[in-house]
Amino acid sequence: MRDKGNADSRNDLNINSATALHQEEVVSLSTQLQQLRDQFGQKTTEQLDLKAKADLMERRLTAASKLIVGLSSERTRWTADMQALDARKAQLVGDCLLTSSFLSYCGAFTFDYRDAMVYQLWLNDVTERKLPVSVPFRLETLLTNEVETTEWASQGLPSDDLSIQNGILTAVYWIKKREGKQLEGRVKTFNDSDFLKHLEMAIQYGFPFLFENLDEYIDPVIDPVLEKSFILQGSGRKAVKLGDKEVEWDSNFRLYMTTKLSKPHYGPEISGKSMIINYSVTQQGLAEQLLNVVVKHERADLEEQRESLIQQMSSNKVLLSNLEESLLSNLSNASGNILDNQELIGTLEEAKSKAVEISQKLAEASATASQIEEVRAKYKPAALRGAVLFFVLASLAAISNMYEYSLASFLAVFSLTLDTSKKAPSLEARLHNVVEALTFDVYNYTCLSLFECHKLMFSFQMTQKILEAEGEGDPVQLDFFLKGNLALEKNSRRKPHSWLPDQGWEDLMRLVEIGKAKEASSPLSGLADDIERNEGPWKEYAALEAPEAALMPSDLTAKLSLFEQLLVLRCLRMDRVTVSITRYVIAKMGEKYVQPPTLDYSAIYRQSTQMTPIIFVLSPGADPAFDVFKLGEEMGFKAGVKLKYMALGQGMGPKAAEVIESGAARGLWVMLQNCHLLPKWLKTLEKILDKLDKPHKDFRLWLTTEPTDRFPIGILQRSLKVVTEPPNGLKLNMRSSYSKITDSLLTTCPHQAFRPLVWVLALFHAVVQERRKYGKLGWNVPYDFNETDFRISMALIATYLTKASSCRTP
């Protein structure tokens, strides 16, 4: 039993010993397991950290790839821009000097004078002083850019250099279109009673304000605005004194003032307070505008497509510029590592894709625009002829202030010609018809408003300008024809023959110099020698009654051009130059350009509108009232009923204004006579016409006035002017008389001798009127023998012949 117990005890010891051993192994294994778990956690953390770093590197690599791909195309351009900016930085002294001088001083001058001042006088002076300046120097590239000029073009500004310069300085029509609705109710004159109230509101709320139709007087009440005499208020706000009020100044306020005066005289104080801009149109800019009118009439679809393209290209260029600025701004303002900024990368990628898309659209639009311009260019002859004719028209204002024509009135004639000119199957034939019709229509339109002494001059000037535009004119020869030899000292070569006029010989020597300067072999260069050698033929030629119709000696008629023959005749027979000019115009343009139209009151009425006054410029003894009354009766506007008329005089202004307002509302004809007797009230008349809003379609305003320099330019430019003066020459005079004799008038007298006697009377009337050039020679006193005398004489003949006819025995 004891042995059994001992054996059990040994077994227990063995078991305990084994258990303890196993426990030690478990503890050891647990320790190893924990170590492995710790290692696993550490390695897992390292793995996750490495994975995160790998993902970050992958994202950065992707972002870097996107940036490299997206901005690689910009690298070359940005590098070139940086180099250009660095170069321009060194040239800023000369550039800023010239551009600031242009902005300060050049606005009031014409394009040619600006060009000479900036690009010749100033630029040469800067270069000689070795000041750094851009080469080539261009104002447009320094003061504006392509995006801005394209936007201006979409707002109606022509693309010639003058218009772009004026756009830099600011321009009138373009400003109205650009400011749009902000100018509504803020276009005033100093004659408006409420201009101060509206100006005050514009200053306070930062709106634009426009004073229209200024004369040389500028109300001193706006001096504080022009001088920017600010009054500082609390919290740094600015105010300006306007009348008796202090008005808070908004920095967005803009003030514009326009005048229709071609050469206004403003003192230096006005130039110091404001920027004066000469916005006279150039021939190139006008041709571009007229081309738009022609294409819009002939190919409306093409012009509509062009205008749409201009708008699209303008908006796309602006958007592209904004995207590029946004891209650079985001890049420069980014903080931290740019590769980690996913939002920025996305924004840049989106901006770049849009920029690429817009660039493609611009390229496509540019290609389409080039194709459109190729088609439009075929219509240029009509536009160029229109531009030439308008400048001939505008130059007439240098002769008389009554010869004022606006571009709007010319465009009305231009559009009417496009509507009425003969159609043709081919474009070349159609353009030929338009050019011919336009030239003749402008000639007829202008001759209506010219005095007889200026009509041939206008025909000659129109001929010369047309030839000059076609490359045929010689400005040196034309200058000689107009001025002759202006040298103060006589030529050393004495005149060889006594029958030569003294001044004619001096002119001849100058003509020889012009011939030698033009070409050594020119027939003009040996003219003086030829006259000296061949006295007989030249003396005989100079003594002819009509040398302009005869052949010149030495076969010079065949050797010289028509104009050069005119120059020779000017030296020998100055008294025959007028007739020679007539023959020259006939040879170059046709006989119809020396036969001014007769006054046709029905045609005058058809040319007018309810917004276009008809002004009769009176000559001594002329009275168009009878013809207007006669026309009114034919059209149902009987004098005193639907045709209201009154002679202006002291105190008649308010009554005339009342009659005009009533006539505009009811569709009456209103005739105001002798406007020159009430010159002060004519400014009020201009204001009344400006305020006419949709008058009755039958309303017509007829005005009569003698030539006066006090007639408002605004009325002259918007009106249809008609000069009532007997024409020159028997033929034209008889045509004028017969144009007012109707068949019904000729049938009022039954006597068979009435018609022949009317012809004799017309001839006698023309002869008597032609004698007016001799004054009172042959008469006791000078008398005009006007149309009233002709009508009375014809009525007396009809009366006597009717009585004679009734008294005859059968």
# chains A, B, ... in the order shown; residues from 1 in each chain; ligands from 1

$ residues_around --residues "Ala549 (chain A)" --least-positions-apart "2" --cutoff "10 Å" --atoms "only C-alpha atoms" --output "list in words"
Leu544, Glu545, Ala546, Pro547, Leu551, Met552, Val579, Ser580 and Arg583 of chain A

$ residues_around --residues "Asp627 (chain A)" --least-positions-apart "6" --cutoff "12 Å" --atoms "only C-alpha atoms" --output "list in words"
Leu599, Asp600, Tyr601, Ser602, Ile604, Tyr605, Phe616, Glu633, Glu634, Ala639, Trp702, Thr724, Ser739, Lys740, Ile741, Glu787, Thr788 and Arg791 of chain A

$ atom_distance --atom1 "CA of Gln607 (chain A)" --atom2 "CA of His297 (chain A)"
19.6 Å

$ closest_residue --among "A:Ala412, A:Ala622, A:Cys807, A:Val392" --to "His751 (chain A)" --atoms "only C-alpha atoms"
A:Cys807

$ residues_around --residues "Leu524 (chain A)" --least-positions-apart "6" --cutoff "12 Å" --atoms "only C-alpha atoms" --output "mmCIF file with all heavy atoms, in the first residue's frame"
data_model
loop_
_atom_site.group_PDB
_atom_site.id
_atom_site.type_symbol
_atom_site.label_atom_id
_atom_site.label_comp_id
_atom_site.auth_asym_id
_atom_site.auth_seq_id
_atom_site.Cartn_x
_atom_site.Cartn_y
_atom_site.Cartn_z
ATOM 1 N N GLN A 477 0.488 119.579 -109.950
ATOM 2 C CA GLN A 477 -0.145 120.311 -111.044
ATOM 3 C C GLN A 477 -1.439 120.973 -110.593
ATOM 4 O O GLN A 477 -1.737 122.110 -110.979
ATOM 5 C CB GLN A 477 -0.417 119.363 -112.207
ATOM 6 C CG GLN A 477 0.847 118.890 -112.922
ATOM 7 C CD GLN A 477 0.531 118.038 -114.145
ATOM 8 O OE1 GLN A 477 -0.623 117.721 -114.416
ATOM 9 N NE2 GLN A 477 1.570 117.678 -114.894
ATOM 10 N N LEU A 508 4.091 130.572 -116.526
ATOM 11 C CA LEU A 508 4.621 129.649 -117.529
ATOM 12 C C LEU A 508 5.982 129.100 -117.113
ATOM 13 O O LEU A 508 6.267 127.901 -117.274
ATOM 14 C CB LEU A 508 4.735 130.372 -118.872
ATOM 15 C CG LEU A 508 5.002 129.496 -120.101
ATOM 16 C CD1 LEU A 508 3.816 128.592 -120.373
ATOM 17 C CD2 LEU A 508 5.300 130.366 -121.320
ATOM 18 N N MET A 509 6.822 129.952 -116.547
ATOM 19 C CA MET A 509 8.132 129.491 -116.092
ATOM 20 C C MET A 509 8.006 128.492 -114.943
ATOM 21 O O MET A 509 8.777 127.541 -114.846
ATOM 22 C CB MET A 509 8.990 130.694 -115.668
ATOM 23 C CG MET A 509 9.309 131.670 -116.792
ATOM 24 S SD MET A 509 9.978 130.847 -118.253
ATOM 25 C CE MET A 509 11.481 130.122 -117.594
ATOM 26 N N ARG A 510 7.043 128.739 -114.072
ATOM 27 C CA ARG A 510 6.794 127.775 -112.987
ATOM 28 C C ARG A 510 6.283 126.450 -113.549
ATOM 29 O O ARG A 510 6.678 125.375 -113.075
ATOM 30 C CB ARG A 510 5.780 128.372 -112.006
ATOM 31 C CG ARG A 510 5.282 127.421 -110.930
ATOM 32 C CD ARG A 510 6.392 126.940 -110.038
ATOM 33 N NE ARG A 510 5.908 125.958 -109.067
ATOM 34 C CZ ARG A 510 6.637 124.967 -108.565
ATOM 35 N NH1 ARG A 510 7.909 124.831 -108.931
ATOM 36 N NH2 ARG A 510 6.125 124.116 -107.702
ATOM 37 N N LEU A 511 5.449 126.516 -114.590
ATOM 38 C CA LEU A 511 4.934 125.297 -115.215
ATOM 39 C C LEU A 511 6.065 124.509 -115.864
ATOM 40 O O LEU A 511 6.086 123.271 -115.830
ATOM 41 C CB LEU A 511 3.867 125.667 -116.251
ATOM 42 C CG LEU A 511 3.156 124.516 -116.966
ATOM 43 C CD1 LEU A 511 2.462 123.606 -115.959
ATOM 44 C CD2 LEU A 511 2.134 125.043 -117.973
ATOM 45 N N VAL A 512 7.028 125.227 -116.460
ATOM 46 C CA VAL A 512 8.206 124.558 -117.044
ATOM 47 C C VAL A 512 8.988 123.823 -115.956
ATOM 48 O O VAL A 512 9.441 122.684 -116.153
ATOM 49 C CB VAL A 512 9.094 125.586 -117.776
ATOM 50 C CG1 VAL A 512 10.438 124.968 -118.159
ATOM 51 C CG2 VAL A 512 8.380 126.120 -119.006
ATOM 52 N N GLU A 513 9.158 124.453 -114.785
ATOM 53 C CA GLU A 513 9.865 123.811 -113.670
ATOM 54 C C GLU A 513 9.144 122.541 -113.232
ATOM 55 O O GLU A 513 9.781 121.517 -112.952
ATOM 56 C CB GLU A 513 9.972 124.785 -112.495
ATOM 57 C CG GLU A 513 10.891 125.972 -112.746
ATOM 58 C CD GLU A 513 10.881 126.942 -111.565
ATOM 59 O OE1 GLU A 513 10.305 126.578 -110.513
ATOM 60 O OE2 GLU A 513 11.435 128.044 -111.693
ATOM 61 N N ILE A 514 7.808 122.618 -113.161
ATOM 62 C CA ILE A 514 7.020 121.435 -112.763
ATOM 63 C C ILE A 514 7.212 120.317 -113.781
ATOM 64 O O ILE A 514 7.363 119.144 -113.424
ATOM 65 C CB ILE A 514 5.532 121.813 -112.630
ATOM 66 C CG1 ILE A 514 5.339 122.758 -111.441
ATOM 67 C CG2 ILE A 514 4.668 120.575 -112.467
ATOM 68 C CD1 ILE A 514 3.926 123.309 -111.321
ATOM 69 N N GLY A 515 7.210 120.683 -115.083
ATOM 70 C CA GLY A 515 7.416 119.681 -116.131
ATOM 71 C C GLY A 515 8.776 119.014 -116.033
ATOM 72 O O GLY A 515 8.900 117.801 -116.179
ATOM 73 N N LYS A 516 9.840 119.808 -115.764
ATOM 74 C CA LYS A 516 11.184 119.239 -115.637
ATOM 75 C C LYS A 516 11.290 118.341 -114.410
ATOM 76 O O LYS A 516 11.978 117.310 -114.448
ATOM 77 C CB LYS A 516 12.206 120.365 -115.553
ATOM 78 C CG LYS A 516 12.393 121.139 -116.852
ATOM 79 C CD LYS A 516 13.415 122.259 -116.685
ATOM 80 C CE LYS A 516 13.622 123.010 -117.997
ATOM 81 N NZ LYS A 516 14.574 124.138 -117.846
ATOM 82 N N ALA A 517 10.636 118.750 -113.311
ATOM 83 C CA ALA A 517 10.685 117.940 -112.087
ATOM 84 C C ALA A 517 9.948 116.623 -112.262
ATOM 85 O O ALA A 517 10.336 115.601 -111.687
ATOM 86 C CB ALA A 517 10.070 118.730 -110.930
ATOM 87 N N LYS A 518 8.913 116.642 -113.072
ATOM 88 C CA LYS A 518 8.126 115.423 -113.276
ATOM 89 C C LYS A 518 8.865 114.446 -114.180
ATOM 90 O O LYS A 518 8.975 113.260 -113.891
ATOM 91 C CB LYS A 518 6.761 115.780 -113.866
ATOM 92 C CG LYS A 518 5.844 114.578 -114.082
ATOM 93 C CD LYS A 518 4.506 115.008 -114.661
ATOM 94 C CE LYS A 518 3.590 113.803 -114.865
ATOM 95 N NZ LYS A 518 2.288 114.192 -115.456
ATOM 96 N N ASP A 530 9.677 126.716 -126.847
ATOM 97 C CA ASP A 530 8.831 126.561 -128.029
ATOM 98 C C ASP A 530 8.071 127.853 -128.334
ATOM 99 O O ASP A 530 7.947 128.261 -129.491
ATOM 100 C CB ASP A 530 7.854 125.404 -127.816
ATOM 101 C CG ASP A 530 7.103 125.053 -129.086
ATOM 102 O OD1 ASP A 530 7.740 124.611 -130.042
ATOM 103 O OD2 ASP A 530 5.858 125.239 -129.105
ATOM 104 N N ILE A 531 7.545 128.510 -127.280
ATOM 105 C CA ILE A 531 6.822 129.772 -127.475
ATOM 106 C C ILE A 531 7.767 130.852 -127.980
ATOM 107 O O ILE A 531 7.406 131.674 -128.841
ATOM 108 C CB ILE A 531 6.143 130.203 -126.159
ATOM 109 C CG1 ILE A 531 4.996 129.237 -125.817
ATOM 110 C CG2 ILE A 531 5.611 131.633 -126.251
ATOM 111 C CD1 ILE A 531 4.324 129.521 -124.494
ATOM 112 N N SER A 554 2.642 123.157 -132.305
ATOM 113 C CA SER A 554 3.674 122.130 -132.049
ATOM 114 C C SER A 554 3.071 120.789 -131.653
ATOM 115 O O SER A 554 3.705 119.997 -130.943
ATOM 116 C CB SER A 554 4.657 122.607 -130.971
ATOM 117 O OG SER A 554 5.220 123.848 -131.323
ATOM 118 N N LEU A 556 1.012 120.022 -129.464
ATOM 119 C CA LEU A 556 0.950 119.792 -128.010
ATOM 120 C C LEU A 556 -0.396 119.221 -127.568
ATOM 121 O O LEU A 556 -0.476 118.604 -126.510
ATOM 122 C CB LEU A 556 1.221 121.107 -127.263
ATOM 123 C CG LEU A 556 2.671 121.568 -127.217
ATOM 124 C CD1 LEU A 556 2.806 122.826 -126.385
ATOM 125 C CD2 LEU A 556 3.560 120.472 -126.641
ATOM 126 N N THR A 557 -1.436 119.414 -128.368
ATOM 127 C CA THR A 557 -2.740 118.855 -128.010
ATOM 128 C C THR A 557 -2.664 117.335 -127.901
ATOM 129 O O THR A 557 -3.285 116.724 -127.019
ATOM 130 C CB THR A 557 -3.806 119.259 -129.047
ATOM 131 O OG1 THR A 557 -3.862 120.679 -129.133
ATOM 132 C CG2 THR A 557 -5.180 118.728 -128.661
ATOM 133 N N LYS A 559 0.217 115.687 -127.365
ATOM 134 C CA LYS A 559 1.277 115.290 -126.426
ATOM 135 C C LYS A 559 0.890 115.510 -124.958
ATOM 136 O O LYS A 559 1.397 114.816 -124.073
ATOM 137 C CB LYS A 559 2.555 116.076 -126.736
ATOM 138 C CG LYS A 559 3.127 115.796 -128.110
ATOM 139 C CD LYS A 559 4.349 116.668 -128.378
ATOM 140 C CE LYS A 559 4.913 116.423 -129.772
ATOM 141 N NZ LYS A 559 6.068 117.307 -130.060
ATOM 142 N N LEU A 560 0.025 116.496 -124.688
ATOM 143 C CA LEU A 560 -0.320 116.842 -123.313
ATOM 144 C C LEU A 560 -1.647 116.202 -122.920
ATOM 145 O O LEU A 560 -2.530 115.989 -123.761
ATOM 146 C CB LEU A 560 -0.426 118.363 -123.150
ATOM 147 C CG LEU A 560 0.836 119.181 -123.402
ATOM 148 C CD1 LEU A 560 0.528 120.671 -123.269
ATOM 149 C CD2 LEU A 560 1.947 118.779 -122.450
ATOM 150 N N SER A 561 -1.775 115.943 -121.641
ATOM 151 C CA SER A 561 -3.062 115.461 -121.141
ATOM 152 C C SER A 561 -4.054 116.626 -121.104
ATOM 153 O O SER A 561 -3.677 117.793 -121.254
ATOM 154 C CB SER A 561 -2.894 114.886 -119.726
ATOM 155 O OG SER A 561 -2.541 115.916 -118.808
ATOM 156 N N PHE A 563 -5.626 117.892 -118.621
ATOM 157 C CA PHE A 563 -5.380 118.812 -117.513
ATOM 158 C C PHE A 563 -4.146 119.671 -117.794
ATOM 159 O O PHE A 563 -4.112 120.856 -117.445
ATOM 160 C CB PHE A 563 -5.218 118.052 -116.208
ATOM 161 C CG PHE A 563 -5.236 118.932 -114.990
ATOM 162 C CD1 PHE A 563 -6.403 119.565 -114.598
ATOM 163 C CD2 PHE A 563 -4.092 119.153 -114.241
ATOM 164 C CE1 PHE A 563 -6.436 120.390 -113.484
ATOM 165 C CE2 PHE A 563 -4.105 119.968 -113.124
ATOM 166 C CZ PHE A 563 -5.290 120.589 -112.750
ATOM 167 N N GLU A 564 -3.135 119.084 -118.415
ATOM 168 C CA GLU A 564 -1.937 119.864 -118.761
ATOM 169 C C GLU A 564 -2.269 120.935 -119.801
ATOM 170 O O GLU A 564 -1.713 122.039 -119.764
ATOM 171 C CB GLU A 564 -0.854 118.919 -119.266
ATOM 172 C CG GLU A 564 -0.233 118.072 -118.163
ATOM 173 C CD GLU A 564 0.727 117.023 -118.687
ATOM 174 O OE1 GLU A 564 0.619 116.656 -119.877
ATOM 175 O OE2 GLU A 564 1.577 116.549 -117.917
ATOM 176 N N GLN A 565 -3.181 120.634 -120.716
ATOM 177 C CA GLN A 565 -3.640 121.655 -121.670
ATOM 178 C C GLN A 565 -4.338 122.792 -120.927
ATOM 179 O O GLN A 565 -4.193 123.968 -121.282
ATOM 180 C CB GLN A 565 -4.594 121.032 -122.683
ATOM 181 C CG GLN A 565 -3.953 120.000 -123.603
ATOM 182 C CD GLN A 565 -4.956 119.318 -124.501
ATOM 183 O OE1 GLN A 565 -5.872 119.958 -125.020
ATOM 184 N NE2 GLN A 565 -4.791 118.009 -124.694
ATOM 185 N N LEU A 567 -3.595 123.750 -117.946
ATOM 186 C CA LEU A 567 -2.540 124.531 -117.286
ATOM 187 C C LEU A 567 -1.901 125.526 -118.261
ATOM 188 O O LEU A 567 -1.609 126.669 -117.889
ATOM 189 C CB LEU A 567 -1.470 123.592 -116.721
ATOM 190 C CG LEU A 567 -1.909 122.578 -115.672
ATOM 191 C CD1 LEU A 567 -0.721 121.736 -115.214
ATOM 192 C CD2 LEU A 567 -2.541 123.269 -114.475
ATOM 193 N N VAL A 568 -1.674 125.088 -119.490
ATOM 194 C CA VAL A 568 -1.084 125.977 -120.492
ATOM 195 C C VAL A 568 -2.027 127.132 -120.792
ATOM 196 O O VAL A 568 -1.613 128.302 -120.865
ATOM 197 C CB VAL A 568 -0.756 125.192 -121.780
ATOM 198 C CG1 VAL A 568 -0.258 126.140 -122.877
ATOM 199 C CG2 VAL A 568 0.287 124.113 -121.505
#

$ closest_residue --among "A:Met611, A:Arg666, A:Leu396, A:Asp244" --to "Phe451 (chain A)" --atoms "only C-alpha atoms"
A:Leu396

$ select_by_dssp --residues "region 104-290 of chain A" --states "strand (DSSP E)" --output "list in words"
Val187, Lys188, Pro208, Phe209, Leu210, Phe211, Glu212, Asn213, Leu214, Phe230, Ile231, Leu232, Lys238, Ala239, Val240, Lys241, Leu242, Lys245, Glu246, Val247, Glu248, Arg254, Leu255, Tyr256, Met257, Thr258 and Thr259 of chain A
